[in-house]
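Engineer: Structure incoming, see below.
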Amino acid sequence: MKPTITLEQAQSLPLWRRPTSLLFLMAAAMPVAFATWSALLNNFVIEVAQFDGSDIGWLHTVREIPGFLAIGVIALIMVVREQVLGVVALALLGVATAMTALFPSLGGILTITMLSSIGFHYYETVNQSLQLQWLPKDRAPQMLGWLLAAGSASTLVAYLLIVLSWETLGLSYNIVYMLSGGFTAVVAVFCLLAYPQFEAPNPQVKKFILRRRYWLYYALQFMAGARRQIFVVFAGFMMVERFGFDVHEVTSLYLINLVANMVLAPVFGKVVARFGERRALIFEYVGLVTVFLAYGGIYWFGWGVMLAAVLYVIDHMFFALALALKTYFQKIADPGDIAPTAAVAFTINHIAAVFLPAALGYLWLTSPGAVFVMAAAMAGISLSLALLIPRHPEPGNETIFTRFIPAPAE
């Protein structure tokens, strides 16, 4: 049985064994598998499995089912510590990613995608919970920005290796998936063995909770999940299908995104801390409405590949501001609600993800531009919701409609 120590006691450990170091290590390991899988996916499924728009829609629908079932984390943390569950899920993501190219058929890809998705979504659910429990409120925005930058930096190294060696060394999909997934799995095993179990000061409620006063957070999560699907599923697919991007070209685009994230994510963390969640999210959603309408213009007006690439990078940069949604919840939540609400929020975030990619895959076959108009409309709804966030959210002041009454002690 591994020793359990409090966060206060952990400050006496060597720097590399502290809770924040574990968060950084996991933040660096996860994107190596997931982002590499994403970068190669569109070329892999088109070249090897001959996917069309409908097939890619079904793939992402299957991929999002575990996200919809993330509420199962509540049941698992009754018998498994959150920290252990997160690391095991990270290992599953790595192993499944390593096996991706071994099953180059629709059925095989859907099956292995389901396994990697279970690892990814359960890891993300637990990781978000641990971040909000382990990071102090006054430093959370900045630390979340640095964690995002750390993930971008590790992925940058992986993508540089792909860009520089894909054609030069004649790499195959199998080799790249094996190396990236294997790396993530090895790091996960190290995290399991090298770190003690950290005990947060506030015991977590280990049951399903759905609180009325969190309704705005739930609504923002739902719209974020619906809107994100269109970017994740169809923006990259457009670059390959419409403009014929090769693997190293798609990965080069990802590299630009990563460099931008490394530079801007810590800045965005400071922006959220300085100007607040309300203003940060309003800025994000106004930008996303503009970007998605411009995506539609590519199909309606025949705008070229350079604009598409620029929009893709800007789109990705705006998503980095989503850390403001995390810190908004951290400010309004009861400390014991963080773990169960993270699971509930992940499920809410993925409600639309279960059916939207497949449904829009059929629409894509007839009108790709209409898909992006729908995304702009979703971003517009998110903007309307963000306007309801108060300037200084906290328990008892969750929305602009709430009279400021101190939350009752529980």
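Identifiers for the structure tokens are assigned positionally: chains receive A, B, ... in sequence, residues are indexed from 1 per chain, and ligands are indexed from 1 in the order shown.
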Could you give me, as JSON lines, every range 73-114 of chain A residue with an atom at most 8 Å from range 118-141 of chain A, plus its closest atom pair and distance in Å to one decimal, counting only C-alpha atoms, rows ordered by chain then number?

Structural biologist:
{"residue": "A:Val73", "atom": "CA", "partner": "A:Tyr122", "partner_atom": "CA", "distance": 6.9}
{"residue": "A:Glu82", "atom": "CA", "partner": "A:Val126", "partner_atom": "CA", "distance": 6.2}
{"residue": "A:Gln83", "atom": "CA", "partner": "A:Val126", "partner_atom": "CA", "distance": 7.5}
{"residue": "A:Leu85", "atom": "CA", "partner": "A:Val126", "partner_atom": "CA", "distance": 7.4}
{"residue": "A:Gly86", "atom": "CA", "partner": "A:Tyr123", "partner_atom": "CA", "distance": 4.7}
{"residue": "A:Val87", "atom": "CA", "partner": "A:Tyr123", "partner_atom": "CA", "distance": 7.1}
{"residue": "A:Val88", "atom": "CA", "partner": "A:Gly119", "partner_atom": "CA", "distance": 7.8}
{"residue": "A:Ala89", "atom": "CA", "partner": "A:Gly119", "partner_atom": "CA", "distance": 4.2}
{"residue": "A:Leu90", "atom": "CA", "partner": "A:Gly119", "partner_atom": "CA", "distance": 5.7}
{"residue": "A:Ala91", "atom": "CA", "partner": "A:Gly119", "partner_atom": "CA", "distance": 7.3}
{"residue": "A:Leu92", "atom": "CA", "partner": "A:Gly119", "partner_atom": "CA", "distance": 5.0}
{"residue": "A:Leu93", "atom": "CA", "partner": "A:Gly119", "partner_atom": "CA", "distance": 4.4}
{"residue": "A:Met114", "atom": "CA", "partner": "A:Ile118", "partner_atom": "CA", "distance": 6.3}

Engineer: What's the 8 Å shell around Trp146 in chain A, counting only C-alpha atoms, without same-chain residues fewer than 5 positions away, as a PyMOL selection string?

Structural biologist: chain A and resi 265-266+269

Engineer: Which one is closest to Glu249 in chain A: A:Val286, A:Leu25, A:Leu115, A:Val305? Count only C-alpha atoms.

Structural biologist: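 That would be A:Val305, the residue with the smallest distance to Glu249 in chain A.
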
Engineer: Could you check which of A:Tyr312, A:Tyr285, A:Phe346, A:Phe372 is closest to Glu64 in chain A, using only C-alpha atoms?

Structural biologist: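 Closest residue, counting only C-alpha atoms: A:Phe346.
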
Engineer: Counting only C-alpha atoms, which residue out of A:Ala219, A:Ile65, A:Val291, A:Val95 sits closest to Pro357 in chain A?

Structural biologist: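 Result for the nearest residue to Pro357 in chain A: A:Ile65.
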
Engineer: Rank nothing, just name the residue among A:His248, A:Arg391, A:His60, A:Lys206 nearest to Phe231 in chain A, using only C-alpha atoms.

Structural biologist: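 Answer, going by the shortest atom-to-atom distance: A:His60.
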
Engineer: As a VMD selection string, please: every residue in range 98-236 of chain A that a backbone DSSP assignment puts in helix (DSSP H, G or I).

Structural biologist: chain A and resid 98 100 to 102 106 to 134 140 to 165 173 to 194 212 to 236

Engineer: Residues at most 12 Å from range 257-262 of chain A, counting only C-alpha atoms, excluding those fewer than 6 positions away in the same chain, as a ChimeraX atom specification?

Structural biologist: /A:28,31-32,35,39,145-160,250-251,268-269,309-321

Engineer: Report the closest atom pair, with its distance in Å rounded to one decimal, for each residue of range 236-338 of chain A that has an atom no farther than 10 Å from range 183-204 of chain A; count only C-alpha atoms, sort by chain and then rising residue number, and write it as JSON lines.

Structural biologist:
{"residue": "A:Asp334", "atom": "CA", "partner": "A:Asn202", "partner_atom": "CA", "distance": 9.5}
{"residue": "A:Pro335", "atom": "CA", "partner": "A:Asn202", "partner_atom": "CA", "distance": 6.1}
{"residue": "A:Gly336", "atom": "CA", "partner": "A:Gln204", "partner_atom": "CA", "distance": 4.3}
{"residue": "A:Asp337", "atom": "CA", "partner": "A:Gln204", "partner_atom": "CA", "distance": 6.2}
{"residue": "A:Ile338", "atom": "CA", "partner": "A:Gln204", "partner_atom": "CA", "distance": 7.0}

Engineer: Can you work out which one of A:Ser384, A:Ser105, A:Gln50, A:Thr100 has the shortest atom-to-atom distance to Leu216 in chain A, counting only C-alpha atoms?

Structural biologist: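 Closest to Leu216 in chain A, using only C-alpha atoms: A:Ser384.
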
Engineer: At a cut-off of 10 Å, using only C-alpha atoms, what residues contact Ile282 in chain A? Leave out same-chain residues fewer than 4 positions from it and give the result as a list of chain:residue names.

Structural biologist: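 Neighbouring residues, sequence-local ones excluded: A:Glu277, A:Arg278, A:Val286, A:Gly287, A:Leu288, A:Gly380, A:Ser382, A:Leu383, A:Ser384, A:Leu385, A:Ala386, A:Leu387, A:Ile389.
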
Engineer: So how many Å separate CA of Ala98 in chain A and CA of Tyr177 in chain A, to one decimal?

Structural biologist: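 Atom-to-atom, CA of Ala98 in chain A and CA of Tyr177 in chain A are spaced 4.8 Å apart.
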
Engineer: Grab the CA of Phe234 in chain A to CA of Ala324 in chain A distance for me, in Å with one decimal place.

Structural biologist: 24.8 Å

Engineer: Measuring atom to atom with only C-alpha atoms, identify which of A:Leu171, A:Ile351, A:Ala294, A:Ala339 is nearest to Ala226 in chain A.

Structural biologist: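 Closest to Ala226 in chain A, using only C-alpha atoms: A:Ile351.
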
Engineer: Just how far from CA of Leu23 in chain A is CA of Leu220 in chain A, in Å to one decimal?

Structural biologist: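 One can read the CA of Leu220 in chain A to CA of Leu23 in chain A distance as 25.1 Å.
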